[in-house]
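For reference, query-v2.cif is printed below; it contains mmCIF, C-alpha atoms and all ligand atoms.
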data_target
#
loop_
_atom_site.label_atom_id
_atom_site.label_comp_id
_atom_site.auth_asym_id
_atom_site.auth_seq_id
_atom_site.Cartn_x
_atom_site.Cartn_y
_atom_site.Cartn_z
CA MET A 1270 86.29 -199.63 -62.65
CA ARG A 1271 83.35 -202.06 -62.96
CA ASP A 1272 85.79 -204.97 -63.30
CA TRP A 1273 87.35 -203.97 -59.98
CA PHE A 1274 83.97 -203.92 -58.22
CA ARG A 1275 82.86 -207.17 -59.84
CA HIS A 1276 86.07 -208.86 -58.74
CA ARG A 1277 85.60 -207.58 -55.17
CA TYR A 1278 81.97 -208.72 -55.12
CA GLN A 1279 82.98 -212.18 -56.32
CA GLN A 1280 85.65 -212.40 -53.65
CA ALA A 1281 83.13 -211.30 -51.00
CA LEU A 1282 80.65 -213.88 -52.30
CA VAL A 1283 83.15 -216.68 -51.74
CA ASN A 1284 84.11 -215.32 -48.31
CA ARG A 1285 80.64 -214.54 -46.94
CA LEU A 1286 78.34 -217.21 -48.39
CA SER A 1287 78.75 -220.78 -47.15
CA LEU A 1288 80.24 -223.32 -49.50
CA LEU A 1289 77.96 -226.30 -50.10
CA ASP A 1290 79.83 -229.52 -49.39
CA THR A 1291 79.75 -232.69 -51.48
CA ALA A 1292 76.95 -234.19 -49.36
CA VAL A 1293 74.50 -231.97 -51.23
CA SER A 1294 75.25 -233.87 -54.45
CA HIS A 1295 73.80 -237.10 -53.09
CA ARG A 1296 70.37 -235.70 -52.24
CA SER A 1297 67.44 -236.15 -54.63
CA ALA A 1298 66.06 -233.01 -56.24
CA LEU A 1299 63.07 -231.62 -58.09
CA VAL A 1300 63.91 -228.55 -60.19
CA PHE A 1301 61.14 -226.15 -61.23
CA ALA A 1302 61.92 -223.90 -64.20
CA PRO A 1303 59.50 -221.17 -65.35
CA HIS A 1304 60.92 -221.35 -68.89
CA GLU A 1305 63.04 -223.71 -70.96
CA ASP A 1306 66.61 -222.54 -70.15
CA ASP A 1307 66.15 -221.42 -66.50
CA GLU A 1308 67.03 -224.95 -65.27
CA THR A 1309 70.47 -224.83 -66.88
CA LEU A 1310 71.19 -221.16 -66.20
CA GLY A 1311 70.14 -221.30 -62.55
CA CYS A 1312 71.21 -224.75 -61.40
CA GLY A 1313 72.90 -226.58 -64.29
CA GLY A 1314 76.06 -227.12 -62.23
CA MET A 1315 74.07 -228.48 -59.29
CA ILE A 1316 72.15 -230.91 -61.54
CA LEU A 1317 75.37 -232.14 -63.19
CA LYS A 1318 77.01 -232.81 -59.82
CA LYS A 1319 74.00 -234.68 -58.51
CA ARG A 1320 73.67 -236.84 -61.60
CA ALA A 1321 77.41 -237.59 -61.57
CA VAL A 1322 76.93 -239.44 -58.27
CA GLY A 1323 73.62 -241.02 -59.29
CA ALA A 1324 71.19 -238.85 -57.28
CA ASP A 1325 67.63 -238.67 -58.62
CA VAL A 1326 66.88 -235.38 -60.37
CA ASN A 1327 63.57 -234.49 -62.01
CA VAL A 1328 62.97 -231.27 -63.93
CA VAL A 1329 59.55 -229.60 -64.34
CA PHE A 1330 58.97 -226.80 -66.88
CA MET A 1331 56.07 -224.60 -65.87
CA THR A 1332 55.33 -222.72 -69.13
CA ASP A 1333 55.62 -223.44 -72.84
CA GLY A 1334 58.14 -220.70 -73.69
CA ARG A 1335 56.03 -219.28 -76.53
CA GLN A 1336 56.88 -215.62 -75.89
CA SER A 1337 60.62 -215.55 -76.54
CA HIS A 1338 60.38 -214.99 -80.31
CA ALA A 1339 56.60 -214.86 -80.75
CA HIS A 1340 56.77 -212.20 -83.46
CA LEU A 1341 59.19 -214.17 -85.64
CA ILE A 1342 57.95 -217.77 -85.69
CA PRO A 1343 54.55 -219.54 -85.41
CA THR A 1344 53.63 -220.33 -81.80
CA GLU A 1345 53.27 -224.12 -82.20
CA GLN A 1346 56.65 -224.32 -83.91
CA LEU A 1347 58.41 -222.32 -81.20
CA VAL A 1348 56.76 -224.30 -78.39
CA GLU A 1349 57.83 -227.60 -79.97
CA LEU A 1350 61.37 -226.36 -80.60
CA ARG A 1351 61.75 -225.23 -77.01
CA ARG A 1352 60.39 -228.53 -75.72
CA GLN A 1353 62.90 -230.51 -77.77
CA GLU A 1354 65.71 -228.17 -76.75
CA ALA A 1355 64.79 -228.58 -73.08
CA ILE A 1356 64.89 -232.37 -73.43
CA ALA A 1357 68.30 -232.14 -75.15
CA ALA A 1358 69.65 -229.74 -72.49
CA CYS A 1359 68.45 -232.02 -69.69
CA ARG A 1360 70.11 -234.96 -71.41
CA GLU A 1361 73.39 -233.00 -71.38
CA LEU A 1362 72.82 -232.39 -67.66
CA GLY A 1363 72.38 -236.14 -67.14
CA VAL A 1364 68.58 -236.11 -66.75
CA ALA A 1365 66.69 -238.61 -68.92
CA GLU A 1366 63.59 -237.54 -70.89
CA ALA A 1367 61.41 -239.71 -68.64
CA ASP A 1368 62.39 -237.47 -65.72
CA VAL A 1369 61.44 -234.24 -67.51
CA SER A 1370 57.86 -232.85 -67.30
CA PHE A 1371 56.15 -230.02 -69.10
CA LEU A 1372 53.14 -228.48 -67.38
CA GLY A 1373 52.51 -226.37 -70.50
CA PHE A 1374 51.05 -223.19 -69.00
CA THR A 1375 51.05 -220.21 -71.36
CA ASP A 1376 54.36 -218.35 -71.22
CA GLY A 1377 53.84 -214.95 -69.57
CA TYR A 1378 50.50 -215.87 -67.97
CA LEU A 1379 51.36 -218.44 -65.30
CA SER A 1380 49.98 -216.17 -62.57
CA GLU A 1381 46.50 -216.58 -64.08
CA SER A 1382 46.52 -220.33 -63.35
CA ILE A 1383 47.77 -220.46 -59.77
CA ASP A 1384 45.27 -222.99 -58.38
CA THR A 1385 45.61 -225.46 -61.27
CA ALA A 1386 49.38 -225.13 -61.19
CA VAL A 1387 49.56 -225.73 -57.41
CA ALA A 1388 47.57 -228.97 -57.84
CA GLN A 1389 49.88 -230.16 -60.64
CA VAL A 1390 53.03 -229.26 -58.71
CA LEU A 1391 51.68 -231.14 -55.70
CA ASP A 1392 51.27 -234.22 -57.93
CA CYS A 1393 54.92 -233.85 -59.03
CA LEU A 1394 56.03 -233.61 -55.38
CA ARG A 1395 54.03 -236.69 -54.37
CA GLN A 1396 55.36 -238.73 -57.28
CA THR A 1397 59.04 -237.87 -56.77
CA ARG A 1398 59.22 -237.15 -53.00
CA PRO A 1399 62.43 -235.07 -53.35
CA GLN A 1400 64.79 -234.15 -50.53
CA GLU A 1401 65.51 -230.82 -52.22
CA VAL A 1402 63.43 -228.45 -54.36
CA PHE A 1403 64.83 -225.73 -56.65
CA ILE A 1404 62.78 -222.63 -57.55
CA PRO A 1405 63.49 -219.09 -58.82
CA TYR A 1406 64.55 -216.34 -56.38
CA PHE A 1407 61.52 -214.87 -54.59
CA LYS A 1408 62.15 -211.23 -55.55
CA GLU A 1409 62.74 -211.84 -59.22
CA PRO A 1410 60.49 -210.58 -61.98
CA PRO A 1411 59.42 -211.54 -64.68
CA ALA A 1412 55.96 -212.56 -63.52
CA ASP A 1413 56.36 -216.27 -64.41
CA HIS A 1414 59.42 -216.51 -62.14
CA LEU A 1415 57.56 -214.94 -59.21
CA ALA A 1416 54.53 -217.15 -59.91
CA THR A 1417 56.67 -220.31 -59.99
CA ASN A 1418 58.12 -219.44 -56.59
CA ARG A 1419 54.67 -218.78 -55.14
CA ILE A 1420 53.05 -221.88 -56.69
CA VAL A 1421 55.75 -224.32 -55.54
CA LEU A 1422 55.83 -222.88 -52.00
CA ALA A 1423 52.03 -223.21 -51.78
CA ALA A 1424 52.23 -226.82 -52.97
CA LEU A 1425 55.03 -227.57 -50.49
CA GLU A 1426 52.86 -226.30 -47.67
CA THR A 1427 50.18 -228.87 -48.51
CA PHE A 1428 52.83 -231.55 -49.19
CA GLY A 1429 54.02 -231.04 -45.60
CA GLN A 1430 57.15 -233.24 -45.83
CA PRO A 1431 60.59 -231.94 -44.76
CA VAL A 1432 62.29 -230.43 -47.81
CA THR A 1433 65.30 -228.16 -48.33
CA VAL A 1434 64.40 -225.33 -50.71
CA TYR A 1435 67.00 -223.61 -52.87
CA GLU A 1436 66.08 -220.40 -54.68
CA TYR A 1437 68.27 -219.67 -57.70
CA PRO A 1438 68.78 -216.23 -59.32
CA ILE A 1439 68.31 -215.57 -63.03
CA TRP A 1440 67.29 -211.96 -63.75
CA PHE A 1441 68.71 -210.91 -60.38
CA TRP A 1442 72.10 -210.64 -62.11
CA HIS A 1443 70.79 -207.86 -64.38
CA HIS A 1444 72.31 -205.08 -62.25
CA TRP A 1445 75.61 -203.28 -61.75
CA PRO A 1446 78.41 -204.33 -61.18
CA TRP A 1447 77.58 -207.65 -62.86
CA VAL A 1448 76.41 -205.84 -66.00
CA SER A 1449 77.43 -202.43 -67.31
CA LEU A 1450 75.31 -199.37 -66.48
CA ASN A 1451 75.89 -198.31 -70.05
CA PRO A 1452 74.68 -201.09 -72.39
CA SER A 1453 74.08 -200.45 -76.08
CA THR A 1454 70.26 -200.19 -75.87
CA GLN A 1455 68.41 -197.33 -74.23
CA GLY A 1456 65.57 -199.49 -72.80
CA GLU A 1457 67.97 -201.86 -71.13
CA ARG A 1458 69.93 -198.97 -69.64
CA ARG A 1459 66.86 -197.84 -67.71
CA ALA A 1460 66.09 -201.40 -66.53
CA ILE A 1461 69.66 -201.95 -65.32
CA PHE A 1462 69.67 -198.63 -63.47
CA LYS A 1463 66.37 -199.51 -61.77
CA ASN A 1464 67.55 -203.02 -60.88
CA THR A 1465 70.78 -201.60 -59.47
CA LEU A 1466 68.80 -199.38 -57.10
CA HIS A 1467 66.46 -202.25 -56.13
CA THR A 1468 69.39 -204.51 -55.26
CA PHE A 1469 71.07 -201.72 -53.24
CA PHE A 1470 74.00 -201.66 -55.68
CA GLY A 1471 74.31 -205.41 -55.51
CA GLY A 1472 74.09 -205.65 -51.72
CA ARG A 1473 71.16 -208.05 -51.92
CA LEU A 1474 73.62 -210.73 -52.94
CA PHE A 1475 74.74 -210.82 -49.31
CA THR A 1476 71.42 -210.26 -47.55
CA ASP A 1477 69.22 -212.59 -49.64
CA PHE A 1478 71.56 -215.44 -50.61
CA ASN A 1479 73.37 -217.67 -48.13
CA CYS A 1480 75.28 -220.40 -49.94
CA PHE A 1481 77.11 -221.29 -53.14
CA LEU A 1482 78.21 -224.38 -55.01
CA ASP A 1483 81.64 -224.57 -56.63
CA ILE A 1484 80.95 -225.62 -60.21
CA ALA A 1485 84.42 -225.12 -61.72
CA ASP A 1486 84.70 -228.82 -62.59
CA VAL A 1487 81.39 -228.95 -64.49
CA ARG A 1488 81.30 -225.46 -66.00
CA ALA A 1489 82.14 -226.68 -69.52
CA GLN A 1490 79.33 -229.26 -69.37
CA LYS A 1491 76.92 -226.59 -68.16
CA CYS A 1492 77.91 -224.51 -71.17
CA THR A 1493 77.26 -227.46 -73.53
CA ALA A 1494 73.81 -227.98 -71.96
CA LEU A 1495 72.91 -224.32 -72.42
CA GLU A 1496 73.94 -224.47 -76.08
CA ALA A 1497 71.20 -227.10 -76.57
CA HIS A 1498 68.71 -224.22 -76.13
CA LYS A 1499 69.40 -223.15 -79.72
CA THR A 1500 66.47 -220.74 -80.02
CA GLN A 1501 67.85 -218.85 -77.03
CA MET A 1502 71.56 -219.08 -77.80
CA THR A 1503 71.75 -218.74 -81.61
CA SER A 1504 70.31 -216.02 -83.79
CA LEU A 1505 68.22 -218.22 -86.11
CA MET A 1506 67.09 -215.21 -88.21
CA PRO A 1507 69.70 -212.47 -87.71
CA GLU A 1508 68.20 -210.43 -90.55
CA LYS A 1509 64.91 -210.21 -88.62
CA GLY A 1510 66.53 -209.23 -85.35
CA TRP A 1511 66.34 -212.63 -83.58
CA LEU A 1512 67.78 -211.81 -80.15
CA THR A 1513 69.56 -214.34 -77.95
CA LEU A 1514 70.75 -214.52 -74.36
CA HIS A 1515 74.11 -213.19 -75.61
CA ASP A 1516 72.39 -209.88 -76.39
CA VAL A 1517 71.24 -209.24 -72.81
CA ALA A 1518 73.49 -206.48 -71.42
CA ASP A 1519 75.89 -207.13 -74.29
CA GLY A 1520 76.84 -210.56 -72.88
CA ASP A 1521 77.67 -209.38 -69.34
CA TRP A 1522 74.52 -211.02 -67.94
CA LEU A 1523 75.14 -214.42 -69.54
CA ALA A 1524 78.69 -214.44 -68.16
CA CYS A 1525 77.26 -214.48 -64.61
CA PHE A 1526 76.07 -218.08 -65.10
CA PHE A 1527 79.55 -219.28 -65.97
CA MET A 1528 81.41 -218.06 -62.93
CA ASN A 1529 82.88 -220.83 -60.78
CA GLN A 1530 80.01 -220.40 -58.31
CA GLU A 1531 76.25 -220.97 -58.45
CA ILE A 1532 74.60 -219.04 -55.64
CA TYR A 1533 71.44 -220.02 -53.77
CA ARG A 1534 69.05 -218.88 -51.06
CA ARG A 1535 68.58 -222.02 -48.97
CA PHE A 1536 65.97 -222.68 -46.28
CA GLN A 1537 64.26 -225.62 -44.69
CA LEU A 1538 60.53 -226.46 -44.82
CA PRO A 1539 58.40 -226.81 -42.82
CA ARG A 1540 59.87 -223.80 -41.04
CA SER A 1541 60.58 -224.50 -37.36
CA LYS A 1542 58.13 -222.83 -35.02
CA SER A 1543 59.91 -220.60 -32.53
ZN ZN B 1601 62.70 -217.53 -67.35
#
Could you write out this structure as structure tokens?
Ligand SMILES: [Zn+2]
Amino acid sequence: MRDWFRHRYQQALVNRLSLLDTAVSHRSALVFAPHEDDETLGCGGMILKKRAVGADVNVVFMTDGRQSHAHLIPTEQLVELRRQEAIAACRELGVAEADVSFLGFTDGYLSESIDTAVAQVLDCLRQTRPQEVFIPYFKEPPADHLATNRIVLAALETFGQPVTVYEYPIWFWHHWPWVSLNPSTQGERRAIFKNTLHTFFGGRLFTDFNCFLDIADVRAQKCTALEAHKTQMTSLMPEKGWLTLHDVADGDWLACFFMNQEIYRRFQLPRSKS
């Protein structure tokens, strides 16, 4: 039953959202990721296509990723691992280490450093002067994702230059029919049910997003890049319950990032006054 709905939703996505043409690949981009892995999950295909034609792409990581397995590994060790993994993943996406920045805010607490973060993001914008900026979807908890959206939009307002913004979904996908309403863990079942109501049974896909990129030709490379995030993709201590992205909704959620389409909410800044 869910497969039928998911298939219909995917068909509707292709029919109702506009397909981004190849011109988008040639435009320079600055990608903001709240955590080390969001860049590949949310816009790995886009980055690969841009780098394949030589467009400038810079990636900025907002937080240090220390929360993912904080109870299993010392903080400094986890932060360093995630930094190295992010550099390796970006390399797989075609982005050199020199074009990767880490702002290093504490994972989970970005919203407590809004002013400092806006100033640093503004510096990044002034240094790279991108034609396009990529940020998380504006209605998407967790808090660091919402904060990243808010911080970058505030910095863009001061920046004042014409920029196309693309919001990419990550945790948005954590609702039916993309994931099962009946996952193996009780806590996740409640979250999925709540998310399903909040997205109007998935209807937000069509009201909040307006375009998609066909990534069929670079999907395998996107997968390779994501594998570079070993702490997130491999259970390093299975005996201690080291969870990975595969465990979210029993793998249904991760599968959403490897469809043939990456979806986006695109708009232009400054907004035209009318
Ligand atoms: Zn994240």
Could you pull out the residues sitting within 8 Å of ligand ZN 1601 (chain B), using only C-alpha atoms and all ligand atoms, and write them as an NGL selection string?
:A and (1302-1307 or 1411 or 1413-1414 or 1439)
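Considering the residues A:Tyr1378, A:Phe1428, A:Phe1478, A:Trp1442 and counting all atoms listed in the file, Pro1539 of chain A has its shortest atom-to-atom contact with A:Phe1428.
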Distance in Å - atom CA of Leu1372 of chain A versus atom CA of Leu1299 of chain A:
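That distance, rounded to one decimal, is 14.0 Å.
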Report the closest atom pair, with its distance in Å rounded to one decimal, for each residue of segment 1498-1534 of chain A that has an atom no farther than 12 Å from segment 1346-1368 of chain A; count all atoms listed in the file, sort by chain and then rising residue number, and write it as a tab-separated table.
residue	atom	partner	partner_atom	distance
A:His1498	CA	A:Glu1354	CA	5.0
A:Lys1499	CA	A:Glu1354	CA	6.9
A:Thr1500	CA	A:Arg1351	CA	7.2
A:Gln1501	CA	A:Arg1351	CA	8.8
A:Met1502	CA	A:Glu1354	CA	10.9
A:Leu1505	CA	A:Leu1347	CA	11.7
Which one is closest to Trp1440 of chain A: A:Leu1482, A:Cys1492, A:Leu1289, A:Cys1525? Count all atoms listed in the file.
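Comparing A:Leu1482, A:Cys1492, A:Leu1289, A:Cys1525 against Trp1440 of chain A, the winner is A:Cys1525.
If you count all atoms listed in the file and ignore residues fewer than 6 places along the chain from Asn1451 of chain A, what sits within 10 Å of it is Trp1445, Glu1457, Arg1458, Arg1459, Ile1461, Phe1462, Ala1518 and Asp1519 of chain A.
Shortest atom-to-atom contact with Gln1400 of chain A among A:Leu1512, A:Leu1282, A:Ala1298, A:Ala1412: A:Ala1298, counting all atoms listed in the file.
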Within 12 Å of segment 1318-1341 of chain A, which residues of segment 1405-1497 of chain A show up? Give each one with its shortest atom-to-atom distance in Å (one decimal) and the two atoms involved, counting all atoms listed in the file, rows by chain then rising residue number, as a tab-separated table.
residue	atom	partner	partner_atom	distance
A:Pro1405	CA	A:Met1331	CA	11.6
A:Ala1412	CA	A:Thr1332	CA	11.6
A:Asp1413	CA	A:Thr1332	CA	8.1
A:His1414	CA	A:Met1331	CA	9.5
A:Leu1415	CA	A:Met1331	CA	11.8
A:Ala1416	CA	A:Met1331	CA	9.7
A:Thr1417	CA	A:Met1331	CA	7.3
A:Asn1418	CA	A:Met1331	CA	10.8
A:Ile1420	CA	A:Met1331	CA	10.0
A:Val1421	CA	A:Met1331	CA	10.3
A:Leu1482	CA	A:Lys1318	CA	9.8
A:Asp1483	CA	A:Lys1318	CA	10.0
A:Ile1484	CA	A:Lys1318	CA	8.2
A:Ala1485	CA	A:Lys1318	CA	10.8
A:Asp1486	CA	A:Lys1318	CA	9.1
A:Val1487	CA	A:Lys1318	CA	7.5
A:Arg1488	CA	A:Lys1318	CA	10.5
A:Gln1490	CA	A:Lys1318	CA	10.4
A:Lys1491	CA	A:Lys1318	CA	10.4
Excluding Arg1285 of chain A and its own-chain neighbours fewer than 3 positions away, which residues fall within 12 Å of it when counting all atoms listed in the file? Please give them as a PyMOL selection string.
chain A and resi 1277-1282+1288+1474-1481+1532
Work out how far atom CA of Gly1520 of chain A is from atom CA of Ser1504 of chain A, in Å to one decimal.
13.8 Å
d(atom CA of Phe1441 of chain A, atom CA of Lys1509 of chain A) in Å
28.5 Å
Skip Thr1427 of chain A itself and residues of its chain fewer than 6 positions away, then list as a list in words all residues within 12 Å of it, counting all atoms listed in the file.
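The filter keeps Val1387, Ala1388, Val1390, Leu1391, Asp1392, Leu1394, Arg1395, Ile1420, Val1421, Leu1538 and Pro1539 of chain A.
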Pull the neighbourhood of (68.3, -220.2, -61.6) for me: all residues within 9 Å in file coordinates, counting only C-alpha atoms, as an MDAnalysis selection string.
chainID A and resid 1302 1307:1313 1403:1406 1436:1440 1526 1531:1533
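In terms of minimum interatomic distance to Phe1527 of chain A, A:Leu1495 ranks closest within A:His1276, A:Phe1470, A:His1443, A:Leu1495, counting all atoms listed in the file.
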